[in-house]
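Peer 1: Have a look at the structure that comes next, please.
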Amino acid sequence: MQRSLNRSISVPIVLSSITVLMTLALLIGWVLVIREHLPLNDPFTINRWLLAGGIASFVLVMVVLVLFSVSLVGEILESRRQQMFIDSVSHELKSPLASIKLCLDTMARPEVSATQQDQLRNMMLSDVERLTVFVDDILQASRISHRRRSQTWTAVDISQLVVQAADSIRARYHLGPESFQLTVPPGVEIFTDPTALEIIIKNVFDNAVKYSGDSPLVQVGMRQLETGHIGITVKDRGIGISRNQLKRIFKRFHRAPDPKVNERSGSGLGLYVAYRLLRNLGGRIRADSDGPGKGTTMRIRLPRP
C-alpha cells in the first residue's frame, strides 16, 4: 500500500517540476528576445518555433492545472466519504459491543432465569452476526481496492442461493416471512463464484431492508433475459433515491446526503462491494428509483454461459 501511495504522490510532483521548468525556460526565452530586440518576423522560422513552443508550454501548464484541480476535488470528496465512514464505523462497532457487554453483565446476575439467558444469548448472537457482516464488508472492500481476487468458479443453483440469502436477512433483522416476496423459478444454475455471488445478493437484500422503515417489503424476481443473461430485480418500498444519487450509491464510502439515510446504520461499503464483485463476475448492477419516498429497484444482470 505504501508503494502505491508513493507512486501516486510522485506523479504529480514530477509533472509539476517539469511544468515549472518549462515555464521558467519560456520566461527566460521571452526575456532574451525582448532584450535583444529580435524582430518577430525575421527570421521567421526561428520565431515560429519559439512561438509554437510557447503556446505548447502554456497549454501544458493549463492542462496540468486542470488535472490538479480535478484531482484535488476528488481527494476532498474521498476524504469526506472516509470521514463519514469513520463515523459509521464508530457506531457500528460501539453499539453491538455495548449490547454484548450489557447482556453479559445481565447474565451474571443470579436472579436471571434460564429463559432470559436464552434470550440474552440470542441477542448476543445477533450482535456478533452484525459485527461479522460489517467486518466482512471492510475486508472485501480492501481486497477489491488492492485488486486481490480469490475466485473458485463452479455450478451454482442461484434459485436456492436467493432463497437462502432472503432467509438469512430475515433472521438478521427478525422479520416475518411476509417481508420477502420471491418470484424465483427453481433449479436455475449458472457457472460463477458462489462465495462472491452470496455476498452480492445478501448485500443488496440487506440494503433494501435497511432503508425500508419498520415494515419492509422486498420483492425479488428472477428471469432469463433475451441476451441470455440472468436478470434479478430487488424492489423495495423504502426511502428511495434522488436521480443525481443513482450512480453515486455504488461508490466506496458513499452515503446519500439525506438525514433519513444518516439515521440508519451502515458503512457505505455494501453496494460498493456488490458492484465491484459483480463486475469481477462479468455481471452488472444498476439502481432505479422515482425519487425520495418512492422506493428503489436494483437490477442485477449475471452472465450464463
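Residues in the C-alpha cells are named by chain (A, B, ... in the order shown) and by number from 1 within that chain; ligands are numbered from 1 in the order shown.
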Show me, as number ranges by chain, the residues that have an atom within 10 Å of Leu302 (chain A) when counting only C-alpha atoms, minus same-chain residues fewer than 4 positions from it.
Peer 2: A: 190-192, 197, 224-225, 228-232, 278-279, 281-285
Peer 1: Write the residues of the selection above to a file with N, CA, C and O atoms, as a PDB file, in the first residue's frame.
Peer 2:
```pdb
ATOM      1  N   ILE A 190     -26.052 -21.348 -12.760  1.00  0.00           N
ATOM      2  CA  ILE A 190     -25.068 -20.596 -13.522  1.00  0.00           C
ATOM      3  C   ILE A 190     -23.684 -21.022 -13.047  1.00  0.00           C
ATOM      4  O   ILE A 190     -23.536 -21.599 -11.962  1.00  0.00           O
ATOM      5  N   PHE A 191     -22.693 -20.727 -13.856  1.00  0.00           N
ATOM      6  CA  PHE A 191     -21.310 -21.054 -13.509  1.00  0.00           C
ATOM      7  C   PHE A 191     -20.641 -19.784 -13.012  1.00  0.00           C
ATOM      8  O   PHE A 191     -20.430 -18.845 -13.781  1.00  0.00           O
ATOM      9  N   THR A 192     -20.328 -19.733 -11.711  1.00  0.00           N
ATOM     10  CA  THR A 192     -19.817 -18.499 -11.116  1.00  0.00           C
ATOM     11  C   THR A 192     -19.098 -18.810  -9.811  1.00  0.00           C
ATOM     12  O   THR A 192     -18.952 -19.978  -9.425  1.00  0.00           O
ATOM     13  N   LEU A 197     -21.037 -14.407  -5.168  1.00  0.00           N
ATOM     14  CA  LEU A 197     -22.446 -14.187  -5.500  1.00  0.00           C
ATOM     15  C   LEU A 197     -23.306 -14.117  -4.243  1.00  0.00           C
ATOM     16  O   LEU A 197     -24.247 -13.316  -4.163  1.00  0.00           O
ATOM     17  N   GLN A 224     -34.813 -15.161 -17.183  1.00  0.00           N
ATOM     18  CA  GLN A 224     -33.768 -15.173 -18.189  1.00  0.00           C
ATOM     19  C   GLN A 224     -34.042 -14.076 -19.206  1.00  0.00           C
ATOM     20  O   GLN A 224     -35.146 -13.979 -19.757  1.00  0.00           O
ATOM     21  N   LEU A 225     -33.039 -13.237 -19.454  1.00  0.00           N
ATOM     22  CA  LEU A 225     -33.185 -12.115 -20.374  1.00  0.00           C
ATOM     23  C   LEU A 225     -32.992 -12.579 -21.816  1.00  0.00           C
ATOM     24  O   LEU A 225     -32.469 -13.668 -22.077  1.00  0.00           O
ATOM     25  N   GLY A 228     -29.630 -13.711 -22.955  1.00  0.00           N
ATOM     26  CA  GLY A 228     -29.092 -14.947 -22.405  1.00  0.00           C
ATOM     27  C   GLY A 228     -28.621 -14.813 -20.977  1.00  0.00           C
ATOM     28  O   GLY A 228     -28.257 -15.811 -20.335  1.00  0.00           O
ATOM     29  N   HIS A 229     -28.610 -13.590 -20.451  1.00  0.00           N
ATOM     30  CA  HIS A 229     -28.206 -13.365 -19.073  1.00  0.00           C
ATOM     31  C   HIS A 229     -29.349 -13.699 -18.122  1.00  0.00           C
ATOM     32  O   HIS A 229     -30.516 -13.807 -18.526  1.00  0.00           O
ATOM     33  N   ILE A 230     -28.996 -13.846 -16.852  1.00  0.00           N
ATOM     34  CA  ILE A 230     -29.990 -13.996 -15.790  1.00  0.00           C
ATOM     35  C   ILE A 230     -30.220 -12.633 -15.157  1.00  0.00           C
ATOM     36  O   ILE A 230     -29.278 -11.970 -14.718  1.00  0.00           O
ATOM     37  N   GLY A 231     -31.474 -12.198 -15.129  1.00  0.00           N
ATOM     38  CA  GLY A 231     -31.823 -10.914 -14.536  1.00  0.00           C
ATOM     39  C   GLY A 231     -32.502 -11.095 -13.189  1.00  0.00           C
ATOM     40  O   GLY A 231     -33.427 -11.892 -13.053  1.00  0.00           O
ATOM     41  N   ILE A 232     -32.028 -10.372 -12.193  1.00  0.00           N
ATOM     42  CA  ILE A 232     -32.614 -10.401 -10.845  1.00  0.00           C
ATOM     43  C   ILE A 232     -33.010  -8.977 -10.476  1.00  0.00           C
ATOM     44  O   ILE A 232     -32.203  -8.048 -10.581  1.00  0.00           O
ATOM     45  N   LEU A 278     -19.616  -7.924  -8.717  1.00  0.00           N
ATOM     46  CA  LEU A 278     -20.392  -8.256  -9.916  1.00  0.00           C
ATOM     47  C   LEU A 278     -19.580  -8.007 -11.186  1.00  0.00           C
ATOM     48  O   LEU A 278     -19.625  -8.806 -12.129  1.00  0.00           O
ATOM     49  N   ARG A 279     -18.840  -6.936 -11.219  1.00  0.00           N
ATOM     50  CA  ARG A 279     -18.001  -6.668 -12.399  1.00  0.00           C
ATOM     51  C   ARG A 279     -16.932  -7.750 -12.549  1.00  0.00           C
ATOM     52  O   ARG A 279     -16.600  -8.154 -13.666  1.00  0.00           O
ATOM     53  N   LEU A 281     -17.320 -10.773 -11.791  1.00  0.00           N
ATOM     54  CA  LEU A 281     -18.006 -11.968 -12.277  1.00  0.00           C
ATOM     55  C   LEU A 281     -18.542 -11.788 -13.692  1.00  0.00           C
ATOM     56  O   LEU A 281     -19.134 -12.721 -14.249  1.00  0.00           O
ATOM     57  N   GLY A 282     -18.362 -10.597 -14.246  1.00  0.00           N
ATOM     58  CA  GLY A 282     -18.872 -10.339 -15.586  1.00  0.00           C
ATOM     59  C   GLY A 282     -20.310  -9.857 -15.594  1.00  0.00           C
ATOM     60  O   GLY A 282     -20.944  -9.825 -16.657  1.00  0.00           O
ATOM     61  N   GLY A 283     -20.834  -9.474 -14.437  1.00  0.00           N
ATOM     62  CA  GLY A 283     -22.214  -9.011 -14.341  1.00  0.00           C
ATOM     63  C   GLY A 283     -22.297  -7.506 -14.178  1.00  0.00           C
ATOM     64  O   GLY A 283     -21.291  -6.796 -14.177  1.00  0.00           O
ATOM     65  N   ARG A 284     -23.505  -7.007 -14.029  1.00  0.00           N
ATOM     66  CA  ARG A 284     -23.745  -5.581 -13.866  1.00  0.00           C
ATOM     67  C   ARG A 284     -24.879  -5.370 -12.861  1.00  0.00           C
ATOM     68  O   ARG A 284     -25.710  -6.248 -12.641  1.00  0.00           O
ATOM     69  N   ILE A 285     -24.906  -4.177 -12.266  1.00  0.00           N
ATOM     70  CA  ILE A 285     -25.997  -3.803 -11.377  1.00  0.00           C
ATOM     71  C   ILE A 285     -26.291  -2.325 -11.581  1.00  0.00           C
ATOM     72  O   ILE A 285     -25.378  -1.522 -11.792  1.00  0.00           O
TER      73      ILE A 285
END
```
Peer 1: If you run DSSP on this backbone, which residues of region 118-302 of chain A come out as alpha helix (DSSP H), and could you give them as a VMD selection string?
Peer 2: chain A and resid 118 to 145 158 to 173 194 to 210 259 to 262 270 to 280
Peer 1: What's around Tyr211 (chain A) at 7 Å? Count only C-alpha atoms, leave out sequence neighbours fewer than 3 positions away in its own chain, and write the answer as a list in words.
Peer 2: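 Counting only C-alpha atoms, the residues come to Asn207, Ala208, Gly238 and Ile239 of chain A.
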Peer 1: Please, could you write that set of residues out with all heavy atoms as a short mmCIF file (atom, residue, chain, number, x, y, z; two decimals), in the first residue's frame?
Peer 2:
```
data_model
loop_
_atom_site.label_atom_id
_atom_site.label_comp_id
_atom_site.auth_asym_id
_atom_site.auth_seq_id
_atom_site.Cartn_x
_atom_site.Cartn_y
_atom_site.Cartn_z
N ASN A 207 -29.42 -4.00 2.05
CA ASN A 207 -29.64 -2.60 1.75
C ASN A 207 -31.13 -2.29 1.58
O ASN A 207 -31.63 -1.26 2.03
CB ASN A 207 -28.88 -2.22 0.48
CG ASN A 207 -28.82 -0.73 0.25
OD1 ASN A 207 -28.02 -0.03 0.85
ND2 ASN A 207 -29.66 -0.24 -0.64
N ALA A 208 -31.84 -3.20 0.92
CA ALA A 208 -33.28 -3.00 0.71
C ALA A 208 -34.05 -2.98 2.02
O ALA A 208 -34.95 -2.17 2.22
CB ALA A 208 -33.82 -4.10 -0.20
N GLY A 238 -38.94 1.56 0.18
CA GLY A 238 -38.27 2.36 1.19
C GLY A 238 -38.18 3.83 0.85
O GLY A 238 -39.02 4.40 0.15
N ILE A 239 -37.07 4.45 1.31
CA ILE A 239 -36.94 5.91 1.25
C ILE A 239 -36.61 6.41 -0.15
O ILE A 239 -36.68 7.61 -0.41
CB ILE A 239 -35.86 6.39 2.23
CG1 ILE A 239 -34.50 5.81 1.86
CG2 ILE A 239 -36.23 6.02 3.65
CD1 ILE A 239 -33.37 6.33 2.71
#
```
Peer 1: Using only C-alpha atoms, which of the listed residues (A:Met124, A:Ile158, A:Val218, A:Ala287) sits closest to Cys103 (chain A)?
Peer 2: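 Among the listed residues, A:Met124 lies closest to Cys103 (chain A).
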Peer 1: If you measure from CA of Lys251 (chain A) to CA of Asp236 (chain A), what distance in Å do you get, rounded to one decimal?
Peer 2: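 Between CA of Lys251 (chain A) and CA of Asp236 (chain A) the gap is 20.6 Å.
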Peer 1: Please identify all polymer residues within 6 Å of Ser242 (chain A), counting only C-alpha atoms, omitting same-chain residues fewer than 3 positions from it, and present them as an NGL selection string.
Peer 2: :A and (245 or 291-292)
Peer 1: I'd like the interatomic distance between CA of Ala114 (chain A) and CA of Ser95 (chain A), to a tenth of an Å.
Peer 2: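 So the answer is 25.1 Å.
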Peer 1: Leaving out Arg172 (chain A) and any residue of its chain fewer than 3 positions from it, which residues lie within 8 Å of it when counting only C-alpha atoms, given as a PyMOL selection string?
Peer 2: chain A and resi 126+129-130+168-169+175
Peer 1: Take the selection from the previous step and output its residues with all heavy atoms, as a tab-separated table (two decimals), in the first residue's frame.
Peer 2:
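Saved as part38.tsv:
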```tsv
chain	number	residue	atom	x	y	z
A	126	SER	N	-26.99	-12.26	17.61
A	126	SER	CA	-27.41	-11.30	16.59
A	126	SER	C	-26.40	-10.17	16.44
A	126	SER	O	-26.07	-9.76	15.32
A	126	SER	CB	-28.79	-10.73	16.95
A	126	SER	OG	-29.20	-9.75	16.02
A	129	GLU	N	-23.33	-11.49	14.68
A	129	GLU	CA	-23.60	-11.60	13.25
A	129	GLU	C	-23.49	-10.24	12.58
A	129	GLU	O	-22.92	-10.11	11.48
A	129	GLU	CB	-25.00	-12.17	13.03
A	129	GLU	CG	-25.50	-12.16	11.60
A	129	GLU	CD	-24.75	-13.12	10.70
A	129	GLU	OE1	-24.03	-14.00	11.23
A	129	GLU	OE2	-24.87	-12.99	9.47
A	130	ARG	N	-24.00	-9.23	13.24
A	130	ARG	CA	-23.92	-7.87	12.70
A	130	ARG	C	-22.46	-7.42	12.56
A	130	ARG	O	-22.07	-6.86	11.53
A	130	ARG	CB	-24.68	-6.91	13.62
A	130	ARG	CG	-24.59	-5.44	13.25
A	130	ARG	CD	-25.41	-4.63	14.23
A	130	ARG	NE	-25.16	-3.21	14.11
A	130	ARG	CZ	-25.69	-2.28	14.89
A	130	ARG	NH1	-26.53	-2.65	15.85
A	130	ARG	NH2	-25.41	-1.01	14.73
A	168	SER	N	-31.59	-15.61	5.49
A	168	SER	CA	-30.54	-15.07	6.33
A	168	SER	C	-30.82	-13.62	6.73
A	168	SER	O	-30.65	-13.24	7.89
A	168	SER	CB	-29.19	-15.16	5.61
A	168	SER	OG	-28.16	-14.56	6.36
A	169	ILE	N	-31.27	-12.82	5.78
A	169	ILE	CA	-31.57	-11.41	6.08
A	169	ILE	C	-32.79	-11.30	6.99
A	169	ILE	O	-32.84	-10.46	7.90
A	169	ILE	CB	-31.79	-10.61	4.78
A	169	ILE	CG1	-30.52	-10.64	3.92
A	169	ILE	CG2	-32.19	-9.19	5.09
A	169	ILE	CD1	-29.30	-10.06	4.59
A	175	LEU	N	-37.38	-10.59	11.00
A	175	LEU	CA	-38.54	-10.28	10.19
A	175	LEU	C	-39.36	-11.54	9.93
A	175	LEU	O	-38.85	-12.66	9.97
A	175	LEU	CB	-38.11	-9.68	8.84
A	175	LEU	CG	-37.28	-8.39	8.91
A	175	LEU	CD1	-36.79	-8.01	7.52
A	175	LEU	CD2	-38.08	-7.25	9.53
```
Peer 1: How far is it from CA of Phe205 (chain A) to CA of Val184 (chain A), in Å with one decimal?
Peer 2: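 Atom-to-atom, CA of Phe205 (chain A) and CA of Val184 (chain A) are spaced 14.6 Å apart.
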Peer 1: Excluding Ala155 (chain A) and its own-chain neighbours fewer than 2 positions away, which residues fall within 12 Å of it when counting only C-alpha atoms? Please give them as an MDAnalysis selection string.
Peer 2: chainID A and resid 152:153 157:158 161 187:195 197 304:305
Peer 1: Take the selection from the previous step and output its residues with all heavy atoms, as a tab-separated table (two decimals), in the first residue's frame.
Peer 2:
```tsv
chain	number	residue	atom	x	y	z
A	152	THR	N	-13.29	-19.10	-6.93
A	152	THR	CA	-13.43	-20.52	-7.24
A	152	THR	C	-14.76	-20.68	-7.97
A	152	THR	O	-15.82	-20.56	-7.37
A	152	THR	CB	-13.43	-21.37	-5.96
A	152	THR	OG1	-12.21	-21.13	-5.23
A	152	THR	CG2	-13.53	-22.84	-6.30
A	153	TRP	N	-14.69	-20.91	-9.27
A	153	TRP	CA	-15.89	-20.97	-10.09
A	153	TRP	C	-16.43	-22.40	-10.13
A	153	TRP	O	-15.68	-23.36	-10.26
A	153	TRP	CB	-15.58	-20.49	-11.50
A	153	TRP	CG	-15.29	-19.03	-11.57
A	153	TRP	CD1	-14.27	-18.38	-10.94
A	153	TRP	CD2	-16.01	-18.03	-12.28
A	153	TRP	NE1	-14.31	-17.04	-11.21
A	153	TRP	CE2	-15.37	-16.79	-12.05
A	153	TRP	CE3	-17.13	-18.06	-13.10
A	153	TRP	CZ2	-15.82	-15.60	-12.61
A	153	TRP	CZ3	-17.58	-16.88	-13.66
A	153	TRP	CH2	-16.93	-15.67	-13.41
A	157	ASP	N	-26.62	-23.22	-7.94
A	157	ASP	CA	-28.07	-23.12	-8.04
A	157	ASP	C	-28.47	-21.76	-7.50
A	157	ASP	O	-28.60	-21.55	-6.30
A	157	ASP	CB	-28.73	-24.24	-7.22
A	157	ASP	CG	-30.24	-24.29	-7.43
A	157	ASP	OD1	-30.83	-23.24	-7.79
A	157	ASP	OD2	-30.85	-25.36	-7.22
A	158	ILE	N	-28.62	-20.80	-8.40
A	158	ILE	CA	-28.89	-19.43	-7.97
A	158	ILE	C	-30.25	-19.29	-7.32
A	158	ILE	O	-30.46	-18.45	-6.45
A	158	ILE	CB	-28.73	-18.45	-9.16
A	158	ILE	CG1	-28.75	-17.01	-8.66
A	158	ILE	CG2	-29.79	-18.68	-10.21
A	158	ILE	CD1	-28.43	-16.00	-9.73
A	161	LEU	N	-29.74	-20.19	-3.78
A	161	LEU	CA	-28.93	-19.17	-3.12
A	161	LEU	C	-29.76	-17.94	-2.77
A	161	LEU	O	-29.60	-17.37	-1.68
A	161	LEU	CB	-27.76	-18.78	-4.04
A	161	LEU	CG	-26.66	-17.90	-3.45
A	161	LEU	CD1	-25.32	-18.23	-4.07
A	161	LEU	CD2	-26.96	-16.42	-3.65
A	187	GLY	N	-34.31	-24.35	-9.68
A	187	GLY	CA	-33.36	-25.10	-10.49
A	187	GLY	C	-32.59	-24.32	-11.53
A	187	GLY	O	-32.10	-24.89	-12.49
A	188	VAL	N	-32.46	-22.99	-11.36
A	188	VAL	CA	-31.70	-22.18	-12.31
A	188	VAL	C	-30.23	-22.20	-11.89
A	188	VAL	O	-29.89	-21.78	-10.78
A	188	VAL	CB	-32.22	-20.73	-12.36
A	188	VAL	CG1	-31.36	-19.89	-13.31
A	188	VAL	CG2	-33.68	-20.70	-12.77
A	189	GLU	N	-29.37	-22.68	-12.74
A	189	GLU	CA	-27.95	-22.80	-12.42
A	189	GLU	C	-27.11	-21.90	-13.32
A	189	GLU	O	-27.42	-21.71	-14.50
A	189	GLU	CB	-27.46	-24.25	-12.55
A	189	GLU	CG	-27.96	-25.18	-11.46
A	189	GLU	CD	-27.24	-26.51	-11.48
A	189	GLU	OE1	-26.47	-26.76	-12.44
A	189	GLU	OE2	-27.45	-27.31	-10.55
A	190	ILE	N	-26.05	-21.35	-12.76
A	190	ILE	CA	-25.07	-20.60	-13.52
A	190	ILE	C	-23.68	-21.02	-13.05
A	190	ILE	O	-23.54	-21.60	-11.96
A	190	ILE	CB	-25.23	-19.07	-13.37
A	190	ILE	CG1	-25.04	-18.65	-11.90
A	190	ILE	CG2	-26.57	-18.61	-13.88
A	190	ILE	CD1	-25.04	-17.14	-11.72
A	191	PHE	N	-22.69	-20.73	-13.86
A	191	PHE	CA	-21.31	-21.05	-13.51
A	191	PHE	C	-20.64	-19.78	-13.01
A	191	PHE	O	-20.43	-18.85	-13.78
A	191	PHE	CB	-20.57	-21.61	-14.73
A	191	PHE	CG	-19.24	-22.23	-14.40
A	191	PHE	CD1	-19.18	-23.49	-13.81
A	191	PHE	CD2	-18.07	-21.55	-14.66
A	191	PHE	CE1	-17.96	-24.07	-13.51
A	191	PHE	CE2	-16.84	-22.12	-14.36
A	191	PHE	CZ	-16.78	-23.38	-13.78
A	192	THR	N	-20.33	-19.73	-11.71
A	192	THR	CA	-19.82	-18.50	-11.12
A	192	THR	C	-19.10	-18.81	-9.81
A	192	THR	O	-18.95	-19.98	-9.42
A	192	THR	CB	-20.97	-17.51	-10.88
A	192	THR	OG1	-20.44	-16.25	-10.45
A	192	THR	CG2	-21.94	-18.03	-9.84
A	193	ASP	N	-18.70	-17.77	-9.11
A	193	ASP	CA	-18.08	-17.90	-7.80
A	193	ASP	C	-19.18	-17.84	-6.75
A	193	ASP	O	-19.79	-16.78	-6.54
A	193	ASP	CB	-17.08	-16.76	-7.58
A	193	ASP	CG	-16.39	-16.83	-6.22
A	193	ASP	OD1	-16.72	-17.74	-5.43
A	193	ASP	OD2	-15.53	-15.98	-5.94
A	194	PRO	N	-19.50	-18.93	-6.07
A	194	PRO	CA	-20.64	-18.94	-5.15
A	194	PRO	C	-20.46	-18.01	-3.95
A	194	PRO	O	-21.42	-17.39	-3.50
A	194	PRO	CB	-20.72	-20.41	-4.69
A	194	PRO	CG	-19.38	-20.97	-4.95
A	194	PRO	CD	-18.83	-20.25	-6.13
A	195	THR	N	-19.23	-17.88	-3.44
A	195	THR	CA	-18.99	-17.01	-2.29
A	195	THR	C	-19.25	-15.56	-2.65
A	195	THR	O	-19.93	-14.82	-1.92
A	195	THR	CB	-17.56	-17.17	-1.77
A	195	THR	OG1	-17.32	-18.55	-1.42
A	195	THR	CG2	-17.32	-16.30	-0.55
A	197	LEU	N	-21.04	-14.41	-5.17
A	197	LEU	CA	-22.45	-14.19	-5.50
A	197	LEU	C	-23.31	-14.12	-4.24
A	197	LEU	O	-24.25	-13.32	-4.16
A	197	LEU	CB	-22.94	-15.31	-6.42
A	197	LEU	CG	-24.36	-15.15	-6.94
A	197	LEU	CD1	-24.52	-13.84	-7.70
A	197	LEU	CD2	-24.74	-16.34	-7.84
A	304	ARG	N	-24.67	-16.09	-18.15
A	304	ARG	CA	-25.00	-17.52	-18.07
A	304	ARG	C	-24.39	-18.21	-19.28
A	304	ARG	O	-24.98	-18.22	-20.35
A	304	ARG	CB	-26.51	-17.72	-18.02
A	304	ARG	CG	-26.91	-19.17	-17.77
A	304	ARG	CD	-28.42	-19.33	-17.74
A	304	ARG	NE	-28.80	-20.67	-17.31
A	304	ARG	CZ	-30.06	-21.09	-17.24
A	304	ARG	NH1	-31.05	-20.30	-17.54
A	304	ARG	NH2	-30.32	-22.33	-16.83
A	305	PRO	N	-23.19	-18.82	-19.10
A	305	PRO	CA	-22.52	-19.46	-20.23
A	305	PRO	C	-23.39	-20.56	-20.85
A	305	PRO	O	-24.12	-21.24	-20.15
A	305	PRO	CB	-21.26	-20.04	-19.61
A	305	PRO	CG	-21.08	-19.29	-18.32
A	305	PRO	CD	-22.45	-18.94	-17.86
```
Peer 1: Which polymer residues have any atom within 8 Å of an atom of Asp137 (chain A), counting only C-alpha atoms, with same-chain residues fewer than 4 positions away left out, as a JSON list (two decimals) with N, CA, C and O atoms, in the first residue's frame?
Peer 2:
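Produced file selection_26.json, reproduced below:
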```json
[["chain", "number", "residue", "atom", "x", "y", "z"],
["A", 133, "VAL", "N", -20.73, -9.39, 9.61],
["A", 133, "VAL", "CA", -21.08, -8.85, 8.29],
["A", 133, "VAL", "C", -20.33, -7.55, 8.03],
["A", 133, "VAL", "O", -19.80, -7.31, 6.93],
["A", 141, "ALA", "N", -13.92, -4.96, 0.69],
["A", 141, "ALA", "CA", -13.60, -3.67, 0.07],
["A", 141, "ALA", "C", -12.09, -3.48, -0.03],
["A", 141, "ALA", "O", -11.58, -2.94, -1.02],
["A", 269, "LEU", "N", -20.30, 0.66, 2.31],
["A", 269, "LEU", "CA", -19.49, -0.30, 1.58],
["A", 269, "LEU", "C", -20.30, -1.41, 0.92],
["A", 269, "LEU", "O", -19.82, -2.06, 0.00],
["A", 270, "GLY", "N", -21.50, -1.66, 1.40],
["A", 270, "GLY", "CA", -22.28, -2.81, 0.93],
["A", 270, "GLY", "C", -22.51, -2.81, -0.57],
["A", 270, "GLY", "O", -22.21, -3.79, -1.25],
["A", 273, "VAL", "N", -19.19, -3.00, -2.60],
["A", 273, "VAL", "CA", -18.67, -4.37, -2.68],
["A", 273, "VAL", "C", -19.48, -5.17, -3.70],
["A", 273, "VAL", "O", -18.92, -5.90, -4.52]]
```
Peer 1: Among the residues of region 110-222 of chain A, find those DSSP assigns to strand (DSSP E or B) from the backbone and print them as a list in words.
Peer 2: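 Here are the strand (DSSP E or B) residues of region 110-222 of chain A: Thr154, Ala155, Val156, Asp157, Phe180, Gln181, Leu182, Thr183, Glu189, Ile190, Phe191, Thr192, Val218, Gln219, Val220, Gly221 and Met222 of chain A.
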Peer 1: Residues as selected, C-alpha atoms, written as a PDB file, in the first residue's frame, can you do that?
Peer 2:
```pdb
ATOM      1  CA  THR A 154     -18.397 -23.782 -10.030  1.00  0.00           C
ATOM      2  CA  ALA A 155     -22.008 -24.555 -10.911  1.00  0.00           C
ATOM      3  CA  VAL A 156     -24.339 -22.693  -8.557  1.00  0.00           C
ATOM      4  CA  ASP A 157     -28.066 -23.125  -8.036  1.00  0.00           C
ATOM      5  CA  PHE A 180     -39.802 -11.044   1.272  1.00  0.00           C
ATOM      6  CA  GLN A 181     -41.867 -11.949  -1.784  1.00  0.00           C
ATOM      7  CA  LEU A 182     -39.814 -14.246  -4.002  1.00  0.00           C
ATOM      8  CA  THR A 183     -40.717 -14.955  -7.617  1.00  0.00           C
ATOM      9  CA  GLU A 189     -27.946 -22.796 -12.416  1.00  0.00           C
ATOM     10  CA  ILE A 190     -25.068 -20.596 -13.522  1.00  0.00           C
ATOM     11  CA  PHE A 191     -21.310 -21.054 -13.509  1.00  0.00           C
ATOM     12  CA  THR A 192     -19.817 -18.499 -11.116  1.00  0.00           C
ATOM     13  CA  VAL A 218     -38.801  -6.688  -0.583  1.00  0.00           C
ATOM     14  CA  GLN A 219     -39.993  -8.135  -3.890  1.00  0.00           C
ATOM     15  CA  VAL A 220     -37.449 -10.339  -5.650  1.00  0.00           C
ATOM     16  CA  GLY A 221     -37.893 -11.559  -9.205  1.00  0.00           C
ATOM     17  CA  MET A 222     -35.652 -13.609 -11.464  1.00  0.00           C
TER      18      MET A 222
END
```
Peer 1: Just checking: using only C-alpha atoms, which residue out of A:Ala171, A:Val135, A:Gly295, A:Val162 ends up closest to Leu217 (chain A)?
Peer 2: A:Gly295
